[in-house]
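Asks: The following file, protein38.txt, comprises compact mmCIF, C-alpha atoms:
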# COMPACT_ATOMS: atom_id res chain seq x y z
CA MET V 1 -42.55 52.57 19.86
CA THR V 2 -38.83 53.29 19.90
CA ARG V 3 -36.78 53.45 16.72
CA ARG V 4 -35.02 50.19 17.73
CA GLN V 5 -38.36 48.38 18.20
CA PHE V 6 -39.57 49.71 14.86
CA ASN V 7 -36.41 48.47 13.10
CA ARG V 8 -36.79 45.03 14.68
CA MET V 9 -40.40 44.83 13.58
CA ILE V 10 -39.45 45.72 10.00
CA ALA V 11 -36.64 43.14 10.03
CA SER V 12 -39.00 40.43 11.37
CA VAL V 13 -41.61 41.17 8.70
CA ALA V 14 -38.94 41.08 5.98
CA ILE V 15 -37.63 37.73 7.23
CA LEU V 16 -41.18 36.32 7.38
CA CYS V 17 -41.88 37.47 3.82
CA ALA V 18 -38.61 35.97 2.53
CA THR V 19 -39.27 32.65 4.30
CA GLY V 20 -42.82 32.53 2.95
CA ALA V 21 -41.68 33.25 -0.60
CA GLN V 22 -39.01 30.58 -0.32
CA TRP V 23 -41.57 28.05 0.97
CA VAL V 24 -43.96 28.78 -1.89
CA ALA V 25 -41.14 28.57 -4.45
CA ALA V 26 -40.00 25.23 -3.03
CA ARG V 27 -43.56 23.80 -3.15
CA SER V 28 -44.06 24.89 -6.73
CA ASP V 29 -40.72 23.28 -7.68
CA ILE V 30 -41.72 19.98 -6.12
CA SER V 31 -45.10 19.98 -7.83
CA ARG V 32 -43.45 20.65 -11.18
CA PHE V 33 -40.94 17.90 -10.45
CA MET V 34 -43.65 15.42 -9.48
CA LYS V 35 -45.76 16.36 -12.48
CA ALA V 36 -42.85 15.50 -14.76
CA LEU V 37 -42.25 12.21 -13.00
CA LYS V 38 -45.89 11.19 -13.14
CA SER V 39 -46.00 11.82 -16.85
CA ARG V 40 -42.90 9.57 -17.11
CA THR V 41 -40.70 12.30 -18.53
CA PHE V 42 -37.33 13.46 -17.29
CA PRO V 43 -37.73 16.24 -14.71
CA GLY V 44 -34.75 18.18 -16.11
CA ARG V 45 -34.06 19.49 -19.62
CA LEU V 46 -33.53 17.17 -22.54
CA ARG V 47 -31.02 17.66 -25.31
CA PRO V 48 -30.67 15.73 -28.54
CA LEU V 49 -27.72 13.37 -28.70
CA ASP V 50 -25.57 14.03 -31.73
CA ASP V 51 -22.49 12.22 -32.97
CA ALA V 52 -20.15 15.08 -32.16
CA GLU V 53 -21.30 14.97 -28.56
CA ILE V 54 -20.77 11.23 -28.30
CA ARG V 55 -17.40 11.02 -30.03
CA LYS V 56 -15.75 13.61 -27.83
CA ALA V 57 -13.80 12.26 -24.84
CA ALA V 58 -15.49 13.53 -21.70
CA LYS V 59 -14.03 16.30 -19.61
CA TRP V 60 -15.02 14.22 -16.59
CA LEU V 61 -12.61 11.77 -15.06
CA GLY V 62 -13.01 8.04 -14.78
CA MET J 63 -46.53 6.31 2.37
CA ILE J 64 -42.91 6.51 3.50
CA VAL J 65 -40.48 4.15 1.76
CA GLN J 66 -36.98 3.00 2.60
CA CYS J 67 -34.38 2.54 -0.11
CA ASP J 68 -32.22 -0.49 0.58
CA LEU J 69 -29.92 -0.13 -2.42
CA CYS J 70 -26.98 1.39 -0.61
CA PRO J 71 -25.77 1.34 2.99
CA LYS J 72 -27.42 4.71 3.65
CA TYR J 73 -30.89 3.08 3.80
CA CYS J 74 -32.60 6.42 3.20
CA VAL J 75 -36.11 6.80 4.60
CA ILE J 76 -37.92 8.85 1.98
CA LYS J 77 -41.15 10.80 2.38
CA PRO J 78 -43.59 11.13 -0.55
CA GLY J 79 -42.31 13.61 -3.12
CA GLU J 80 -38.81 13.59 -1.71
CA SER J 81 -35.60 11.95 -2.83
CA GLY J 82 -32.91 9.98 -1.02
CA ASP J 83 -29.45 11.25 -0.26
CA CYS J 84 -28.41 10.50 -3.86
CA ARG J 85 -31.05 12.99 -5.19
CA VAL J 86 -32.24 10.64 -7.92
CA ARG J 87 -34.25 7.96 -6.13
CA VAL J 88 -37.64 9.45 -5.40
CA ASN J 89 -40.69 8.33 -3.44
CA MET J 90 -43.50 8.80 -5.91
CA ASP J 91 -46.85 7.98 -4.27
CA GLY J 92 -45.29 5.25 -2.13
CA GLN J 93 -43.19 3.78 -4.92
CA LEU J 94 -39.44 4.22 -5.12
CA ARG J 95 -38.44 5.41 -8.54
CA ALA J 96 -35.02 6.02 -10.12
CA VAL J 97 -35.81 9.21 -12.00
CA THR J 98 -32.70 9.26 -14.17
CA TYR J 99 -33.39 5.82 -15.70
CA GLY J 100 -32.68 6.12 -19.41
CA PHE J 101 -31.54 9.74 -19.17
CA PRO J 102 -27.74 9.99 -19.03
CA SER J 103 -26.25 13.44 -18.57
CA ALA J 104 -22.90 12.37 -19.96
CA VAL J 105 -22.40 10.18 -23.04
CA HIS J 106 -18.88 9.99 -24.41
CA ILE J 107 -16.24 7.73 -25.86
CA ASP J 108 -13.13 7.49 -23.73
CA PRO J 109 -9.97 5.41 -23.84
CA ILE J 110 -10.30 2.55 -21.34
CA GLU J 111 -7.07 3.77 -19.70
CA LYS J 112 -8.92 6.88 -18.53
CA LYS J 113 -11.30 4.94 -16.26
CA PRO J 114 -8.54 3.93 -15.09
CA PHE J 115 -8.04 0.38 -16.37
CA ASN J 116 -4.55 -0.74 -17.35
CA HIS J 117 -5.20 -4.49 -17.38
CA PHE J 118 -8.50 -4.62 -19.24
CA LEU J 119 -8.53 -4.57 -23.05
CA PRO J 120 -5.74 -1.97 -23.33
CA GLY J 121 -5.92 0.50 -26.18
CA THR J 122 -9.68 0.09 -26.73
CA SER J 123 -12.43 2.70 -26.67
CA VAL J 124 -15.21 2.50 -24.14
CA PHE J 125 -18.70 3.91 -24.51
CA SER J 126 -19.15 5.83 -21.26
CA ILE J 127 -22.40 6.94 -19.69
CA ALA J 128 -23.48 8.58 -16.45
CA THR J 129 -26.59 10.10 -15.00
CA VAL J 130 -26.58 12.85 -12.39
CA GLY J 131 -26.54 12.04 -8.67
CA CYS J 132 -24.25 10.25 -6.27
CA ASN J 133 -24.63 8.60 -2.88
CA LEU J 134 -21.31 10.07 -1.75
CA HIS J 135 -20.66 13.77 -1.35
CA CYS J 136 -16.89 13.99 -1.46
CA LEU J 137 -15.66 17.50 -0.79
CA ASN J 138 -12.93 16.90 -3.36
CA CYS J 139 -15.20 15.46 -6.09
CA GLN J 140 -13.66 16.00 -9.52
CA ASN J 141 -16.98 15.49 -11.33
CA TRP J 142 -19.13 17.47 -8.95
CA GLU J 143 -20.93 19.31 -11.75
CA ILE J 144 -22.89 16.16 -12.50
CA SER J 145 -22.51 14.08 -9.36
CA GLN J 146 -23.93 16.75 -7.06
CA GLN J 147 -26.64 17.99 -9.38
CA ASP J 148 -30.40 17.63 -8.87
CA PRO J 149 -32.19 15.82 -11.70
CA GLU J 150 -34.60 18.74 -12.19
CA GLU J 151 -31.63 21.02 -12.90
CA ALA J 152 -29.83 18.56 -15.14
CA VAL J 153 -29.51 18.49 -18.89
CA ALA J 154 -29.80 14.93 -20.16
CA SER J 155 -30.27 12.91 -23.32
CA GLU J 156 -32.80 10.16 -23.78
CA LEU J 157 -31.01 6.83 -24.19
CA ALA J 158 -32.78 3.59 -23.30
CA PRO J 159 -30.60 0.52 -22.49
CA ALA J 160 -31.12 -0.87 -26.00
CA ASP J 161 -29.99 2.48 -27.44
CA VAL J 162 -26.87 2.44 -25.25
CA VAL J 163 -25.89 -0.85 -26.85
CA ALA J 164 -26.80 0.29 -30.35
CA GLN J 165 -24.78 3.50 -30.00
CA ALA J 166 -21.80 1.66 -28.49
CA LYS J 167 -21.75 -0.78 -31.39
CA ARG J 168 -22.22 2.00 -33.94
CA MET J 169 -19.23 3.80 -32.45
CA GLU J 170 -17.17 0.57 -32.56
CA CYS J 171 -16.65 0.37 -28.83
CA VAL J 172 -15.99 -3.05 -27.32
CA SER J 173 -17.28 -2.19 -23.88
CA VAL J 174 -19.68 0.07 -22.03
CA ALA J 175 -18.59 1.95 -18.91
CA TYR J 176 -20.96 3.11 -16.19
CA THR J 177 -18.85 5.89 -14.83
CA TYR J 178 -18.24 9.60 -13.98
CA THR J 179 -20.79 9.75 -11.13
CA ASP J 180 -21.61 6.36 -9.60
CA PRO J 181 -23.42 3.46 -11.26
CA SER J 182 -24.74 2.48 -7.81
CA VAL J 183 -27.31 5.28 -7.86
CA TYR J 184 -28.53 4.56 -11.38
CA TYR J 185 -28.47 0.88 -10.56
CA GLU J 186 -31.51 -0.26 -12.57
CA TYR J 187 -30.35 1.59 -15.67
CA THR J 188 -26.88 0.08 -15.26
CA LEU J 189 -28.22 -3.43 -14.73
CA ASP J 190 -30.59 -3.36 -17.71
CA SER J 191 -27.91 -1.86 -19.95
CA CYS J 192 -25.40 -4.48 -18.76
CA ILE J 193 -27.80 -7.29 -19.64
CA LYS J 194 -28.45 -5.86 -23.11
CA ALA J 195 -24.75 -5.16 -23.68
CA ARG J 196 -23.75 -8.68 -22.73
CA GLU J 197 -26.39 -10.12 -25.09
CA ALA J 198 -24.85 -8.03 -27.86
CA GLY J 199 -21.32 -9.28 -27.09
CA LEU J 200 -20.09 -6.11 -25.39
CA ARG J 201 -18.22 -6.02 -22.08
CA ASN J 202 -19.43 -4.04 -19.08
CA VAL J 203 -17.19 -2.04 -16.80
CA LEU J 204 -18.07 -0.18 -13.62
CA VAL J 205 -16.21 2.84 -12.31
CA THR J 206 -17.45 3.19 -8.79
CA ALA J 207 -16.86 4.26 -5.22
CA GLY J 208 -18.23 0.86 -4.20
CA TYR J 209 -20.97 2.06 -1.87
CA LEU J 210 -23.65 -0.50 -2.58
CA ASN J 211 -25.34 -3.21 -0.55
CA GLU J 212 -24.29 -6.79 -1.12
CA ALA J 213 -27.51 -8.22 -2.59
CA PRO J 214 -27.78 -5.71 -5.47
CA LEU J 215 -24.02 -5.96 -5.97
CA ARG J 216 -24.17 -9.73 -6.41
CA GLU J 217 -26.92 -9.34 -9.00
CA LEU J 218 -24.93 -6.68 -10.88
CA CYS J 219 -21.72 -8.76 -10.82
CA LYS J 220 -23.42 -11.45 -12.92
CA PHE J 221 -23.26 -9.06 -15.86
CA THR J 222 -20.10 -7.13 -15.02
CA ASP J 223 -16.72 -7.89 -16.59
CA ALA J 224 -14.56 -5.38 -14.77
CA ALA J 225 -14.71 -2.79 -12.03
CA THR J 226 -12.33 -0.07 -11.04
CA ILE J 227 -13.18 0.74 -7.47
CA ASP J 228 -12.05 3.87 -5.70
CA LEU J 229 -10.69 3.18 -2.24
CA LYS J 230 -10.62 6.73 -0.96
CA ALA J 231 -8.68 6.00 2.23
CA MET J 232 -8.21 3.24 4.77
CA SER J 233 -9.95 5.34 7.38
CA ASP J 234 -13.59 5.32 8.38
CA ARG J 235 -13.14 8.84 9.70
CA PHE J 236 -12.02 10.05 6.24
CA TYR J 237 -15.06 8.44 4.65
CA ARG J 238 -17.41 10.03 7.19
CA GLU J 239 -15.88 13.51 7.19
CA ILE J 240 -14.85 13.94 3.56
CA CYS J 241 -17.26 11.67 1.66
CA GLY J 242 -20.36 11.33 3.85
CA ALA J 243 -20.08 7.55 3.82
CA THR J 244 -18.40 4.66 5.66
CA LEU J 245 -15.46 2.41 4.87
CA ALA J 246 -16.69 -1.14 5.59
CA PRO J 247 -19.22 -1.47 2.70
CA VAL J 248 -16.54 -0.33 0.23
CA LEU J 249 -14.12 -3.01 1.39
CA ASN J 250 -16.92 -5.55 1.09
CA TYR J 251 -17.62 -4.39 -2.47
CA PHE J 252 -14.00 -5.17 -3.39
CA VAL J 253 -14.04 -8.63 -1.84
CA VAL J 254 -17.45 -9.65 -3.21
CA SER J 255 -16.83 -8.46 -6.77
CA LYS J 256 -13.41 -10.14 -6.88
CA SER J 257 -14.82 -13.37 -5.47
CA LEU J 258 -17.51 -13.36 -8.18
CA GLY J 259 -14.93 -13.31 -10.95
CA VAL J 260 -15.05 -9.61 -11.84
CA HIS J 261 -11.72 -8.16 -12.98
CA VAL J 262 -10.92 -5.62 -10.26
CA GLU J 263 -8.57 -2.65 -10.28
CA ALA J 264 -8.26 -0.25 -7.36
CA SER J 265 -7.67 3.48 -7.37
CA ASN J 266 -6.73 5.88 -4.61
CA LEU J 267 -6.80 9.66 -4.95
CA LEU J 268 -4.03 11.07 -2.79
CA ILE J 269 -5.06 14.36 -1.20
CA PRO J 270 -2.29 16.37 0.45
CA THR J 271 -2.52 16.31 4.27
CA LEU J 272 -5.71 14.21 4.29
CA ASN J 273 -4.78 10.69 3.21
CA ASP J 274 -1.14 10.86 2.10
CA LYS J 275 0.63 9.67 5.25
CA ASP J 276 3.02 6.77 4.74
CA GLU J 277 1.26 4.59 7.33
CA GLU J 278 -2.13 5.11 5.67
CA ILE J 279 -0.79 4.24 2.24
CA GLU J 280 0.94 1.21 3.66
CA ALA J 281 -2.25 0.03 5.39
CA LEU J 282 -4.20 0.45 2.15
CA CYS J 283 -1.65 -1.56 0.17
CA GLN J 284 -1.49 -4.27 2.81
CA TRP J 285 -5.26 -4.61 2.79
CA ILE J 286 -5.32 -4.93 -1.00
CA LYS J 287 -2.56 -7.52 -0.96
CA GLU J 288 -4.13 -9.62 1.79
CA ASN J 289 -7.72 -9.46 0.57
CA LEU J 290 -7.49 -9.15 -3.21
CA GLY J 291 -4.00 -10.42 -3.97
CA GLY J 292 -0.73 -8.80 -4.96
CA GLU J 293 -1.66 -9.01 -8.65
CA THR J 294 -4.47 -6.43 -8.25
CA PRO J 295 -3.55 -3.27 -10.17
CA LEU J 296 -3.54 -0.12 -8.04
CA HIS J 297 -3.71 3.41 -9.44
CA PHE J 298 -2.58 6.33 -7.30
CA LEU J 299 -4.35 9.39 -8.68
CA ARG J 300 -3.23 12.96 -8.49
CA PHE J 301 -5.63 15.31 -6.68
CA PHE J 302 -6.51 18.69 -8.15
CA PRO J 303 -8.30 21.37 -6.13
CA TYR J 304 -11.96 21.16 -7.15
CA HIS J 305 -15.43 21.60 -5.69
CA ARG J 306 -15.19 22.32 -1.95
CA MET J 307 -11.53 21.56 -1.57
CA ARG J 308 -9.90 24.37 -3.47
CA HIS J 309 -7.70 25.39 -0.56
CA LEU J 310 -5.38 22.40 -0.95
CA PRO J 311 -2.60 22.20 -3.56
CA PRO J 312 -2.41 19.48 -6.24
CA THR J 313 -0.66 16.32 -5.08
CA PRO J 314 3.10 16.73 -5.57
CA ALA J 315 4.67 14.25 -7.99
CA SER J 316 7.05 13.21 -5.19
CA THR J 317 4.12 12.06 -3.01
CA LEU J 318 2.78 9.91 -5.83
CA ALA J 319 6.23 8.42 -6.44
CA LYS J 320 6.61 7.71 -2.73
CA ALA J 321 3.18 6.04 -2.61
CA ARG J 322 4.14 3.89 -5.57
CA ASP J 323 7.34 2.81 -3.84
CA ILE J 324 5.43 1.92 -0.68
CA ALA J 325 2.94 -0.15 -2.69
CA MET J 326 5.67 -2.00 -4.56
CA SER J 327 7.50 -2.70 -1.28
CA ALA J 328 4.23 -4.01 0.19
CA GLY J 329 4.14 -6.61 -2.55
CA LEU J 330 1.74 -5.14 -5.10
CA GLN J 331 2.92 -6.07 -8.57
CA TYR J 332 1.21 -3.46 -10.75
CA VAL J 333 1.17 0.07 -9.39
CA TYR J 334 0.43 3.09 -11.57
CA VAL J 335 0.20 6.84 -11.21
CA GLY J 336 -2.72 8.62 -12.83
CA ASN J 337 -3.57 12.26 -13.68
CA LEU J 338 0.16 12.87 -14.16
CA MET J 339 2.31 12.48 -17.25
CA ASP J 340 5.04 10.14 -16.10
CA ALA J 341 6.51 7.60 -18.48
CA ASP J 342 7.91 5.20 -15.90
CA SER J 343 4.85 4.89 -13.65
CA SER J 344 2.56 4.18 -16.60
CA LEU J 345 4.57 1.15 -17.79
CA THR J 346 3.33 -2.37 -17.20
CA LYS J 347 6.34 -4.51 -16.36
CA CYS J 348 6.55 -8.24 -15.92
CA PRO J 349 6.67 -8.92 -12.16
CA SER J 350 8.92 -11.88 -12.85
CA CYS J 351 11.62 -10.67 -15.29
CA ARG J 352 10.86 -6.89 -15.31
CA ALA J 353 10.52 -6.80 -19.09
CA ILE J 354 8.36 -3.93 -20.38
CA LEU J 355 5.00 -5.36 -21.42
CA ILE J 356 2.91 -2.27 -22.13
CA ARG J 357 4.21 1.23 -22.74
CA ARG J 358 1.78 4.15 -22.47
CA VAL J 359 1.83 7.90 -22.71
CA GLY J 360 -1.11 9.53 -20.98
CA HIS J 361 -4.11 7.41 -21.92
CA GLN J 362 -2.57 6.14 -25.12
CA VAL J 363 -0.98 2.72 -25.55
CA LEU J 364 2.25 3.01 -27.54
CA GLU J 365 3.39 -0.58 -27.35
CA ASN J 366 1.79 -3.84 -26.21
CA ASN J 367 4.17 -6.79 -26.09
CA LEU J 368 1.90 -9.26 -24.31
CA THR J 369 1.45 -12.63 -25.97
CA ASP J 370 -1.83 -14.30 -25.00
CA GLY J 371 -1.79 -12.37 -21.75
CA SER J 372 1.72 -13.54 -20.89
CA CYS J 373 5.20 -12.04 -20.85
CA PRO J 374 6.89 -12.87 -24.18
CA ASN J 375 10.20 -13.18 -22.36
CA CYS J 376 9.53 -15.48 -19.38
CA LYS J 377 5.91 -16.57 -20.12
CA HIS J 378 4.69 -15.20 -16.78
CA LYS J 379 0.87 -14.95 -16.86
CA VAL J 380 -0.17 -11.34 -16.29
CA TYR J 381 -3.39 -10.62 -14.39
CA GLY J 382 -5.98 -9.02 -16.61
CA VAL J 383 -8.43 -9.36 -19.47
CA TRP J 384 -6.51 -9.00 -22.70
CA LYS J 385 -8.94 -10.04 -25.44
Here is the file; what I need is its structure written in the form of structure tokens.

Replies:
Amino acid sequence: MTRRQFNRMIASVAILCATGAQWVAARSDISRFMKALKSRTFPGRLRPLDDAEIRKAAKWLG
Amino acid sequence: MIVQCDLCPKYCVIKPGESGDCRVRVNMDGQLRAVTYGFPSAVHIDPIEKKPFNHFLPGTSVFSIATVGCNLHCLNCQNWEISQQDPEEAVASELAPADVVAQAKRMECVSVAYTYTDPSVYYEYTLDSCIKAREAGLRNVLVTAGYLNEAPLRELCKFTDAATIDLKAMSDRFYREICGATLAPVLNYFVVSKSLGVHVEASNLLIPTLNDKDEEIEALCQWIKENLGGETPLHFLRFFPYHRMRHLPPTPASTLAKARDIAMSAGLQYVYVGNLMDADSSLTKCPSCRAILIRRVGHQVLENNLTDGSCPNCKHKVYGVWK
């Protein structure tokens, strides 16, 4: 095996590992997301609504 | 089971566990579900002039809500932090439609605005809140890009008092390339909502080099005049470099002034400039005798001389909802 072939093999394995990890992470995200939806809760984070928050004019337009 | 969402002209085909283009309408075991229902990510009190509305209850406060998600993906979006956010990454507060009304009344607001992102994508939440708000004697206003199918729009209009609709350009190419949408449904939104008795105001964000040519502005004004009437208020808004369009400069004040001149020459009676402190272009003048009817600075009303919605000088009836 030449040095170039060895480098290519290492690069391919690294790409495969990264893709696999990304796939697993994406699946686990979706399952967490779906679990939240099925239990009829908001999938994101919730914050309490206080008067100071409501009274302030929004930084967003329109 | 795969489902198709027929709320907006995108008609997304959604696989189980996935969401539509708007990010917030999800296929959950074969059922389409709006996941942000009852969970706004923005709840604030704004002056109605900020929406922008200059002919709808001037000087009043509006209880404004928005959830994350949008069915457009404008490269220049000024609210991209919430409009282009996934619900699972969002921070939201729990606020059922009845709570929206209760909070609005508690804060002494006379209307509720569905705004910031686009009420089209949190349609069910908007509709239910509109119904509750109307029962409680509050007005409902939509701030929207107008990308919604006609059937749901007609239903929503039954409970809507006013809409400020953003006409981004008079070019289908602009809509496709910059916003990921199409022009025709937006034009239809204008016509349908106006025909159903909703108070309509139009806005147009002028982006340097993209939609600020004289001919384009003229075409936009002509379309408004011919299809909605010359009395329809039009707001030219100043662009600021945000989101994925940071390489362009803010709209020069001269471009906004030029656009206003073109609109007035085209026969539009009420033309304003927004996102820019300019005393003259924020005045409401009587189209008949040119008397100053409403004087504003920024989003604040300094003077309102209207008498029962008419000019005190010549009695000309001014288009709008004034009480």

Asks: Show me which bits of chain V are within 12 Å of chain J, counting only C-alpha atoms, as a ChimeraX atom specification.

Replies: /V:26-62

Asks: For the residues selected in the previous step, produce a file with C-alpha atoms as a compact mmCIF listing (two decimals), in the frame of the given file.

Replies:
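Contents of selection.txt, freshly written:
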# COMPACT_ATOMS: atom_id res chain seq x y z
CA ALA V 26 -40.00 25.23 -3.03
CA ARG V 27 -43.56 23.80 -3.15
CA SER V 28 -44.06 24.89 -6.73
CA ASP V 29 -40.72 23.28 -7.68
CA ILE V 30 -41.72 19.98 -6.12
CA SER V 31 -45.10 19.98 -7.83
CA ARG V 32 -43.45 20.65 -11.18
CA PHE V 33 -40.94 17.90 -10.45
CA MET V 34 -43.65 15.42 -9.48
CA LYS V 35 -45.76 16.36 -12.48
CA ALA V 36 -42.85 15.50 -14.76
CA LEU V 37 -42.25 12.21 -13.00
CA LYS V 38 -45.89 11.19 -13.14
CA SER V 39 -46.00 11.82 -16.85
CA ARG V 40 -42.90 9.57 -17.11
CA THR V 41 -40.70 12.30 -18.53
CA PHE V 42 -37.33 13.46 -17.29
CA PRO V 43 -37.73 16.24 -14.71
CA GLY V 44 -34.75 18.18 -16.11
CA ARG V 45 -34.06 19.49 -19.62
CA LEU V 46 -33.53 17.17 -22.54
CA ARG V 47 -31.02 17.66 -25.31
CA PRO V 48 -30.67 15.73 -28.54
CA LEU V 49 -27.72 13.37 -28.70
CA ASP V 50 -25.57 14.03 -31.73
CA ASP V 51 -22.49 12.22 -32.97
CA ALA V 52 -20.15 15.08 -32.16
CA GLU V 53 -21.30 14.97 -28.56
CA ILE V 54 -20.77 11.23 -28.30
CA ARG V 55 -17.40 11.02 -30.03
CA LYS V 56 -15.75 13.61 -27.83
CA ALA V 57 -13.80 12.26 -24.84
CA ALA V 58 -15.49 13.53 -21.70
CA LYS V 59 -14.03 16.30 -19.61
CA TRP V 60 -15.02 14.22 -16.59
CA LEU V 61 -12.61 11.77 -15.06
CA GLY V 62 -13.01 8.04 -14.78

Asks: Mind pulling up the distance from CA of Leu189 in chain J to CA of Leu267 in chain J?

Replies: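 According to the coordinates, CA of Leu267 in chain J and CA of Leu189 in chain J are separated by 26.9 Å.
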
Asks: One decimal, Å: what's the distance from CA of Gly121 in chain J over to CA of Arg357 in chain J, could you say?

Replies: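 Interatomic distance, CA of Gly121 in chain J to CA of Arg357 in chain J: 10.7 Å.
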
Asks: If you count all atoms listed in the file, which residues fall within 9 Å of Met339 in chain J, apart from same-chain ones fewer than 3 positions away, as a PyMOL selection string?

Replies: chain J and resi 335-336+343-344+359-360

Asks: Once 6 Å is added on each side, what are the centre and the three edge lengths, in Å to one decimal, of the axis-aligned box enclosing the listed atoms of range 42-61 of chain V? Present them as lines of an AutoDock Vina configuration file.

Replies:
center_x = -25.2
center_y = 15.3
center_z = -23.8
size_x = 37.1
size_y = 20.5
size_z = 30.3

Asks: Closest to Ala158 in chain J among J:Phe298, J:Trp384, J:Phe221, J:Tyr187, using all atoms listed in the file?

Replies: J:Tyr187

Asks: Could you tell me how far CA of Asn289 in chain J lies from CA of Ala328 in chain J, in Å and to one decimal?

Replies: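 One can read the CA of Asn289 in chain J to CA of Ala328 in chain J distance as 13.1 Å.
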